[in-house]
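Data block for model_25.cif (mmCIF, C-alpha atoms):
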```
data_my_file
loop_
_atom_site.label_atom_id
_atom_site.label_comp_id
_atom_site.auth_asym_id
_atom_site.auth_seq_id
_atom_site.Cartn_x
_atom_site.Cartn_y
_atom_site.Cartn_z
CA MET U 3 -23.51 26.75 -3.86
CA THR U 4 -22.52 23.36 -2.48
CA LEU U 5 -23.99 21.81 0.68
CA LEU U 6 -21.54 19.99 2.95
CA VAL U 7 -23.09 17.54 5.42
CA ILE U 8 -20.35 16.88 7.95
CA ASP U 9 -20.14 13.97 10.42
CA ILE U 10 -23.82 13.27 10.96
CA GLN U 11 -22.95 9.72 11.89
CA LYS U 12 -24.82 7.09 13.89
CA GLY U 13 -22.39 7.12 16.82
CA ILE U 14 -22.88 10.81 17.64
CA THR U 15 -26.39 11.63 16.42
CA ASP U 16 -28.46 11.24 19.55
CA GLU U 17 -30.73 13.07 21.99
CA GLU U 18 -27.77 14.37 24.04
CA LEU U 19 -27.01 16.89 21.28
CA TYR U 20 -28.01 20.46 22.02
CA GLY U 21 -31.29 21.28 20.27
CA PHE U 22 -31.63 17.72 19.01
CA GLU U 23 -35.24 18.08 17.83
CA THR U 24 -34.51 21.30 15.94
CA PHE U 25 -31.35 19.81 14.45
CA THR U 26 -33.08 16.62 13.32
CA ASP U 27 -35.98 18.62 11.88
CA ARG U 28 -33.97 21.24 10.00
CA VAL U 29 -31.03 19.34 8.53
CA PRO U 30 -33.16 16.96 6.41
CA LYS U 31 -35.18 19.95 5.16
CA ILE U 32 -31.99 21.76 4.12
CA ILE U 33 -30.76 18.63 2.31
CA ASP U 34 -34.15 18.17 0.61
CA ALA U 35 -34.22 21.81 -0.55
CA ALA U 36 -30.70 21.49 -1.94
CA ARG U 37 -31.57 18.32 -3.87
CA LYS U 38 -34.81 19.80 -5.27
CA ASN U 39 -32.93 22.83 -6.56
CA GLY U 40 -29.89 21.14 -8.06
CA VAL U 41 -27.48 22.13 -5.29
CA GLU U 42 -24.87 19.42 -4.88
CA VAL U 43 -24.97 17.65 -1.51
CA ILE U 44 -21.63 16.23 -0.36
CA TYR U 45 -21.24 14.04 2.72
CA VAL U 46 -18.18 13.84 4.95
CA GLN U 47 -17.54 11.16 7.57
CA HIS U 48 -14.98 11.27 10.37
CA ASP U 49 -12.80 8.18 10.86
CA ASP U 50 -11.05 7.88 14.25
CA GLY U 51 -9.00 4.90 13.04
CA PRO U 52 -9.13 1.11 13.28
CA GLY U 53 -10.11 -0.21 16.69
CA SER U 54 -11.70 3.07 17.80
CA GLY U 55 -15.26 1.90 17.23
CA PHE U 56 -15.71 4.94 14.99
CA SER U 57 -14.04 3.80 11.79
CA VAL U 58 -14.86 2.28 8.41
CA GLY U 59 -16.85 -0.90 9.03
CA ASP U 60 -18.15 0.17 12.45
CA GLU U 61 -21.88 0.82 12.91
CA ASP U 62 -21.20 4.14 14.70
CA PHE U 63 -19.19 5.35 11.68
CA GLU U 64 -22.13 5.01 9.29
CA ILE U 65 -24.06 8.09 8.17
CA ALA U 66 -27.20 8.51 10.28
CA ASP U 67 -30.40 7.30 8.63
CA LEU U 68 -31.90 10.74 9.14
CA VAL U 69 -29.65 12.17 6.39
CA LYS U 70 -28.95 9.10 4.26
CA PRO U 71 -27.21 10.01 1.00
CA ASN U 72 -29.00 9.44 -2.28
CA GLU U 73 -27.40 7.17 -4.82
CA GLY U 74 -24.61 9.00 -6.63
CA GLU U 75 -24.06 11.66 -3.96
CA LYS U 76 -20.40 12.00 -3.07
CA ILE U 77 -19.10 10.77 0.29
CA PHE U 78 -15.62 11.61 1.57
CA VAL U 79 -13.87 10.25 4.64
CA LYS U 80 -11.58 12.41 6.77
CA THR U 81 -9.21 11.56 9.60
CA ILE U 82 -8.70 15.07 11.00
CA ASN U 83 -11.24 17.67 12.14
CA SER U 84 -11.36 19.77 8.96
CA CYS U 85 -13.00 18.18 5.95
CA PHE U 86 -10.35 19.98 3.88
CA GLY U 87 -7.86 17.50 5.32
CA ASN U 88 -9.23 15.11 2.70
CA LYS U 89 -7.23 16.07 -0.39
CA GLU U 90 -9.74 14.53 -2.79
CA LEU U 91 -12.56 16.63 -1.34
CA SER U 92 -10.42 19.77 -1.25
CA ASP U 93 -9.37 19.25 -4.88
CA TYR U 94 -12.93 18.45 -5.96
CA LEU U 95 -14.35 21.60 -4.40
CA SER U 96 -11.52 23.71 -5.79
CA GLY U 97 -12.13 22.27 -9.25
CA LYS U 98 -15.80 23.22 -9.15
CA GLY U 99 -14.90 26.90 -9.02
CA ASP U 100 -17.95 27.62 -6.84
CA LYS U 101 -16.90 29.60 -3.78
CA ASP U 102 -20.21 29.38 -1.86
CA LEU U 103 -20.58 26.64 0.74
CA MET U 104 -23.41 25.88 3.12
CA ILE U 105 -22.28 23.72 6.03
CA VAL U 106 -24.43 21.61 8.37
CA GLY U 107 -23.44 18.88 10.80
CA LEU U 108 -21.56 17.81 13.90
CA GLN U 109 -19.84 18.80 16.11
CA THR U 110 -19.94 22.57 16.34
CA ASN U 111 -16.74 22.96 18.35
CA PHE U 112 -14.68 20.39 16.50
CA CYS U 113 -15.19 19.42 12.86
CA ILE U 114 -17.67 22.16 11.97
CA ASP U 115 -15.46 24.94 13.35
CA SER U 116 -12.32 23.48 11.77
CA SER U 117 -14.01 23.05 8.39
CA ILE U 118 -15.44 26.59 8.46
CA ARG U 119 -12.06 28.11 9.24
CA SER U 120 -10.31 26.00 6.58
CA ALA U 121 -12.93 26.98 4.01
CA PHE U 122 -12.51 30.65 4.92
CA GLU U 123 -8.73 30.38 4.51
CA ARG U 124 -9.30 28.95 1.02
CA GLY U 125 -11.50 31.86 -0.02
CA TYR U 126 -14.91 30.23 0.34
CA LYS U 127 -17.96 32.16 1.52
CA VAL U 128 -19.54 29.94 4.15
CA PHE U 129 -23.19 30.03 5.23
CA ILE U 130 -24.35 28.37 8.44
CA PRO U 131 -28.12 27.82 8.76
CA GLU U 132 -29.46 28.35 12.27
CA GLY U 133 -30.13 25.12 14.15
CA THR U 134 -28.17 22.87 11.76
CA ASN U 135 -25.01 22.30 13.79
CA SER U 136 -24.79 20.96 17.30
CA THR U 137 -22.57 19.39 19.93
CA PHE U 138 -22.53 17.87 23.41
CA ASP U 139 -21.71 19.28 26.83
CA ASN U 140 -17.96 19.37 27.49
CA ASP U 141 -15.71 19.99 30.50
CA TYR U 142 -15.67 23.75 29.90
CA MET U 143 -19.09 24.73 28.53
CA ASP U 144 -22.49 23.18 28.25
CA ALA U 145 -23.60 22.38 24.72
CA GLU U 146 -25.95 25.35 24.45
CA THR U 147 -23.21 27.81 25.40
CA THR U 148 -20.79 26.12 23.01
CA VAL U 149 -23.20 26.33 20.06
CA LYS U 150 -24.05 29.96 20.81
CA TYR U 151 -20.37 30.86 21.27
CA TYR U 152 -19.46 29.72 17.76
CA ASN U 153 -22.66 30.64 15.92
CA GLU U 154 -23.15 34.05 17.52
CA MET U 155 -19.65 35.20 18.42
CA MET U 156 -16.80 33.38 16.67
CA TRP U 157 -18.07 32.89 13.12
CA PRO U 158 -20.09 36.03 12.27
CA GLU U 159 -18.13 38.75 10.50
CA ARG U 160 -15.02 36.57 10.67
CA PHE U 161 -15.21 33.10 9.17
CA ALA U 162 -18.82 32.49 8.14
CA GLU U 163 -22.22 34.05 7.77
CA PRO U 164 -24.83 32.51 10.03
CA VAL U 165 -28.27 32.76 8.40
CA THR U 166 -31.74 31.97 9.65
CA PHE U 167 -33.25 28.66 8.63
CA GLU U 168 -35.70 30.50 6.36
CA GLU U 169 -32.88 32.48 4.69
CA ALA U 170 -31.01 29.24 4.06
CA LEU U 171 -34.05 27.71 2.37
CA GLU U 172 -34.44 30.84 0.22
CA MET U 173 -30.75 30.67 -0.77
CA LEU U 174 -31.17 27.05 -1.83
CA ASN U 175 -34.37 27.80 -3.73
CA LYS U 176 -32.70 30.30 -6.06
#
```

Please express the file's structure as structure tokens.
Amino acid sequence: MTLLVIDIQKGITDEELYGFETFTDRVPKIIDAARKNGVEVIYVQHDDGPGSGFSVGDEDFEIADLVKPNEGEKIFVKTINSCFGNKELSDYLSGKGDKDLMIVGLQTNFCIDSSIRSAFERGYKVFIPEGTNSTFDNDYMDAETTVKYYNEMMWPERFAEPVTFEEALEMLNK
């Protein structure tokens, strides 16, 4: 098992996220459980490009303090929605030979969905702990509907296996 922490960056980790308190409570606990049990934690950051305000060197680009990486934990930068768009990360994960991924992060309807589908296409079994991905309201759906749409309808029995928070902790504690 490998834990991917995707795009929990200062510029988008705020109270406007759906289920913010649950998200900010559960994600650090998942990361802590992974670390305590020797599960590799890998961070991914989204870079919108120079001048966007959300790029290398910008405050908003930085990983949120809530999930700060430990020294030596790998960090990869991506420029497209799927973290598998970063060849170094894709090659690294492929080289590990471990086909189980747990994914947490932002945003449900963009980078999380794209990464889950890309992982599925590469033969990974993906686990999504309840309450550990979120997004904002958009022009078509409010954030709650968006999160439920992906977690309860799109991913199950197709691209990923949503699990309860408690099941995720048990998986990491094995």

(request) Considering all atoms listed in the file, state which residue in the set U:Asn39, U:Asn140, U:Thr24, U:Ser117 is at the smallest distance from Val7 in chain U. (result)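 Among the listed residues, U:Ser117 lies closest to Val7 in chain U.
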
Listing only residues of range 140-161 of chain U within 12 Å of range 129-134 of chain U, what is the closest atom pair and its distance in Å (to one decimal) for each, using only C-alpha atoms, sorted by chain and residue number ascending, as a tab-separated table?
```
residue	atom	partner	partner_atom	distance
U:Glu146	CA	U:Gly133	CA	11.1
U:Val149	CA	U:Gly133	CA	9.2
U:Lys150	CA	U:Gly133	CA	10.2
U:Tyr152	CA	U:Ile130	CA	10.6
U:Asn153	CA	U:Ile130	CA	8.0
U:Glu154	CA	U:Glu132	CA	10.0
U:Trp157	CA	U:Ile130	CA	9.0
U:Pro158	CA	U:Ile130	CA	9.6
U:Glu159	CA	U:Phe129	CA	11.4
U:Arg160	CA	U:Phe129	CA	11.8
U:Phe161	CA	U:Phe129	CA	9.4
```

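Each of U:Ile10, U:Gly97, U:Ile65, U:Met156 was compared to Ser116 in chain U using only C-alpha atoms, and U:Met156 turns out to be the nearest.
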
(request) Considering all atoms listed in the file, return as a PyMOL selection string whatever protein or nucleic-acid residues lie within 7 Å of Leu19 in chain U, sequence-local ones (same chain, fewer than 5 positions apart) excluded. (result) chain U and resi 136-138

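Those residues returned by the PyMOL selection byres ((chain U and resi 3) around 6) for this file are Thr4, Asp102 and Leu103 of chain U.
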
(request) Within 9 Å of (-26.0, 20.4, -0.1) (coordinates as in the file), grab all the protein and nucleic acid residues, counting only C-alpha atoms, and write them out as number ranges by chain. (result) U: 3-7, 32-37, 40-45, 103-106, 174

(request) List every protein, DNA or RNA residue with an atom no more than 12 Å from (-33.3, 16.4, 16.2) in the file's coordinates, counting all atoms listed in the file, and format the result as a list in words. (result)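 Protein and nucleic acid residues near the point are Ile10, Ile14, Thr15, Asp16, Glu17, Glu18, Leu19, Tyr20, Gly21, Phe22, Glu23, Thr24, Phe25, Thr26, Asp27, Arg28, Val29, Pro30, Lys31, Ala66, Leu68, Val69, Gly107, Gly133, Thr134, Asn135, Ser136 and Thr137 of chain U.
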
(message) Here's the selection I'm unsure about, the PyMOL selection byres ((chain U and resi 46) around 6); applied to the file above, which residues does it give, as JSON, numbers by chain?
(response) {"U": [8, 9, 45, 47, 77, 78, 79]}

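Compared by their closest atoms to Ala162 in chain U, and using only C-alpha atoms, the residues U:Asn175, U:Asn83, U:Ser120, U:Thr148 rank with U:Ser120 nearest.
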
(message) Just the number, please: distance in Å from CA of Lys70 in chain U to CA of Val58 in chain U, one decimal.
(response)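 About the pair CA of Lys70 in chain U and CA of Val58 in chain U: they are 16.2 Å apart.
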
(request) Point out the residue among U:Phe86, U:Glu163, U:Gln11, U:Asn72 with the least atom-to-atom distance to Ser57 in chain U, counting all atoms listed in the file. (result)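 Checking each candidate against Ser57 in chain U, we get U:Gln11 as the closest.
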
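Taking only C-alpha atoms into account, Tyr126 in chain U lies nearest to U:Ser92 out of the set U:Ser54, U:Thr166, U:Thr81, U:Ser92.
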
(request) Take CA of Glu90 in chain U and CA of Asp67 in chain U and report the distance between them in Å, one decimal. (result) 24.7 Å

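Note that the spacing between CA of Met143 in chain U and CA of Phe112 in chain U amounts to 13.5 Å.
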
(message) Considering all atoms listed in the file, can you say which of U:His48, U:Gln109, U:Ile114, U:Arg119 comes closest to Asp139 in chain U?
(response) U:Gln109
